[in-house]
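K.L.:
Dropping a structure here in structure tokens format, bear with me for questions.
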Amino acid sequence: MSTQNRFVIFDCDGGSDDAWALLLLLKAAAEQHVTLLGVTICGCGNTDLHNAARNMYRILKACNRTEIPIFYGAAASLIPPTTPVDDNAYFHGRDGFGDILPLEIDYKLDEVVQKEHAAVAINRICTEHHKKVTIIGVGPLTNIALCYSMYGDGFANAVKDFFIMGGNHQGVGNCTRCAEFNFYSDAEAAHAVLARSKCPITILPWEPCMEDRFFICINWRLDVLGAMAANTCSAIEIMNKVERAQWLPSNYKGWIPCDALLVAAFLFENMLVKKKSNWHAMVDLTGHTRGQMILDHLHEVEKFPKNVHIIELLDADVFKKIAQWAVGLYDEFVIEHTNGNVGQ
């Protein structure tokens with residue numbers, strides 16, 4: 001398959017599910033299904049800029065893909081949340097990787113991170129590959145919002161499409177009572193991206209990732225997949241340590257790698273996505289529901305044209321196979337596509 005029309009920018013905030021999402025993209029790139037043009041870092045999500053960049057570089061180094069450029073982006077949200085996220089919401093640890101990896105396994109980040117700012121790089125790459133770049137956003141959308149502020153319609157018209165992990169479509173929150181973490185961390189940025197984009201947007205919100213709708217036992221991840229992949233994926237040693245530190249002390253019984261689920265939906269939509277719907281969506285910026293994604297349930301299409309595709313249901317059994325493919329256990333896995341989406 002040609003890689004020429006499957007260019008990807010991965011915009012992330014450096015947690016463990018970001019790492020799994022990156023592993024999926026690296027596997028797809030190794031099989032020439034995508035070309036990963038850059039990893040851009042947002043510093044107002046799971047951890048700060050330097051930790052997030054360090055974590056993603058750890059994965060690139062483990063997979064021998066350090067030629068893929070990393071770009072520092074926004075260090076803070078456009079407008080900080082009126083109520084800061086509680087420390088308990090930092091599931092990934094303060095460093096994004098469970099606070100368990102020794103700092104002596106460090107890297108001179110100034111030598112491996114590009115000098116170009118992420119927003120500048122995103123616009124440049126999208127302009128160079130006009131209407132061919134998919135931006136996959138799995139953290140707060142600050143870097144993307146900055147592109148709109150800096151480059152306006154020139155940027156908007158250059159992007160092929162967005163895949164976003166964030167928001168909620170039924171009012172269920174995971175860091176406040178009614179807001180999902182990524183959108184709440186920079187509500188203005190999320191609002192700007194939904195309001196100003198001129199290309200297709202696919203969103204995986206929080207609800208389809210919840211244990212009552214998507215369940216893979218955490219013991220399967222740690223004890224089965226972790227053991228099986230020990231000899232096939234060099235990054236799995238890192239991920240096993242990190243996810244044991246994150247998941248075992250929690251009350252979660254299931255493994256919920258939200259960002260990886262989005263990338264899997266990008267790569268394997270026909271196989272993984274069981275339900276998807278089309279809506280007009282915006283983000284609330286005030287009051288108790290700040291950061292909540294608001295849908296037009298009245299379907300006033302003339303007033304509010306539909307602007308997002310929302311993934312509502314995923315197949316957990318299929319994702320288990322995708323995870324095994326990502327770590328080298330299924331080399332023959334065939335990636336399928338939906339007409340009009342990736343690879344078309």
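Labels used: A, B, ... for chains in the order of the structure tokens, numbers from 1 for residues in each chain, and numbers from 1 for ligands as shown.
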Taking only residues of segment 144-234 of chain A that have an atom at most 12 Å from an atom of segment 276-280 of chain A, what is each one's shortest atom pair and its distance in Å to one decimal, using only C-alpha atoms, in chain and number order, as CSV?
P.N.:
```
residue,atom,partner,partner_atom,distance
A:His169,CA,A:Trp279,CA,9.9
A:Leu194,CA,A:His280,CA,9.1
A:Ala195,CA,A:His280,CA,9.8
A:Pro200,CA,A:Asn278,CA,10.6
A:Ile201,CA,A:Asn278,CA,9.9
A:Thr202,CA,A:Asn278,CA,9.2
A:Ile203,CA,A:Lys276,CA,9.6
A:Leu204,CA,A:Lys276,CA,9.5
A:Pro205,CA,A:Lys276,CA,11.2
A:Pro208,CA,A:Lys276,CA,10.6
```
K.L.:
Mind checking which residues fall within 12 Å of Met150 of chain A, counting only C-alpha atoms, ignoring those fewer than 6 positions away in the same chain, and posting them as a list in words?
P.N.:
Ala119, Val120, Ala121, Ile122, Asn123, Arg124, Asn143, Ile144 and Ala156 of chain A
K.L.:
Of the candidates A:Leu26, A:Gly98, A:Leu78, A:Ser149, which shows the shortest atom-to-atom distance to Gly328 of chain A, using only C-alpha atoms?
P.N.:
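Comparing A:Leu26, A:Gly98, A:Leu78, A:Ser149 against Gly328 of chain A, the winner is A:Leu26.
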K.L.:
Nearest to Ile100 of chain A: which of A:Val8, A:Leu23, A:Leu60, A:Val242 is it, counting only C-alpha atoms?
P.N.:
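Nearest candidate to Ile100 of chain A out of A:Val8, A:Leu23, A:Leu60, A:Val242: A:Val242.
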K.L.:
Which distance in Å separates atom CA of Tyr151 of chain A and atom CA of Phe181 of chain A, to one decimal?
P.N.:
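Value for the atom CA of Tyr151 of chain A-atom CA of Phe181 of chain A distance: 26.7 Å.
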K.L.:
Considering only C-alpha atoms, state which residue in the set A:Arg58, A:Lys131, A:Lys115, A:Lys198 is at the smallest distance from Val308 of chain A.
P.N.:
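Counting only C-alpha atoms, the residue closest to Val308 of chain A is A:Lys198.
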K.L.:
Rank nothing, just name the residue among A:Ser16, A:Lys61, A:Val133, A:Leu267 nearest to Leu36 of chain A, using only C-alpha atoms.
P.N.:
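Selected residue with least distance to Leu36 of chain A: A:Val133.
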K.L.:
Can you work out which one of A:Val263, A:Pro257, A:Phe163, A:His297 has the shortest atom-to-atom distance to His309 of chain A, counting only C-alpha atoms?
P.N.:
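Distance minimum relative to His309 of chain A lands on A:Phe163.
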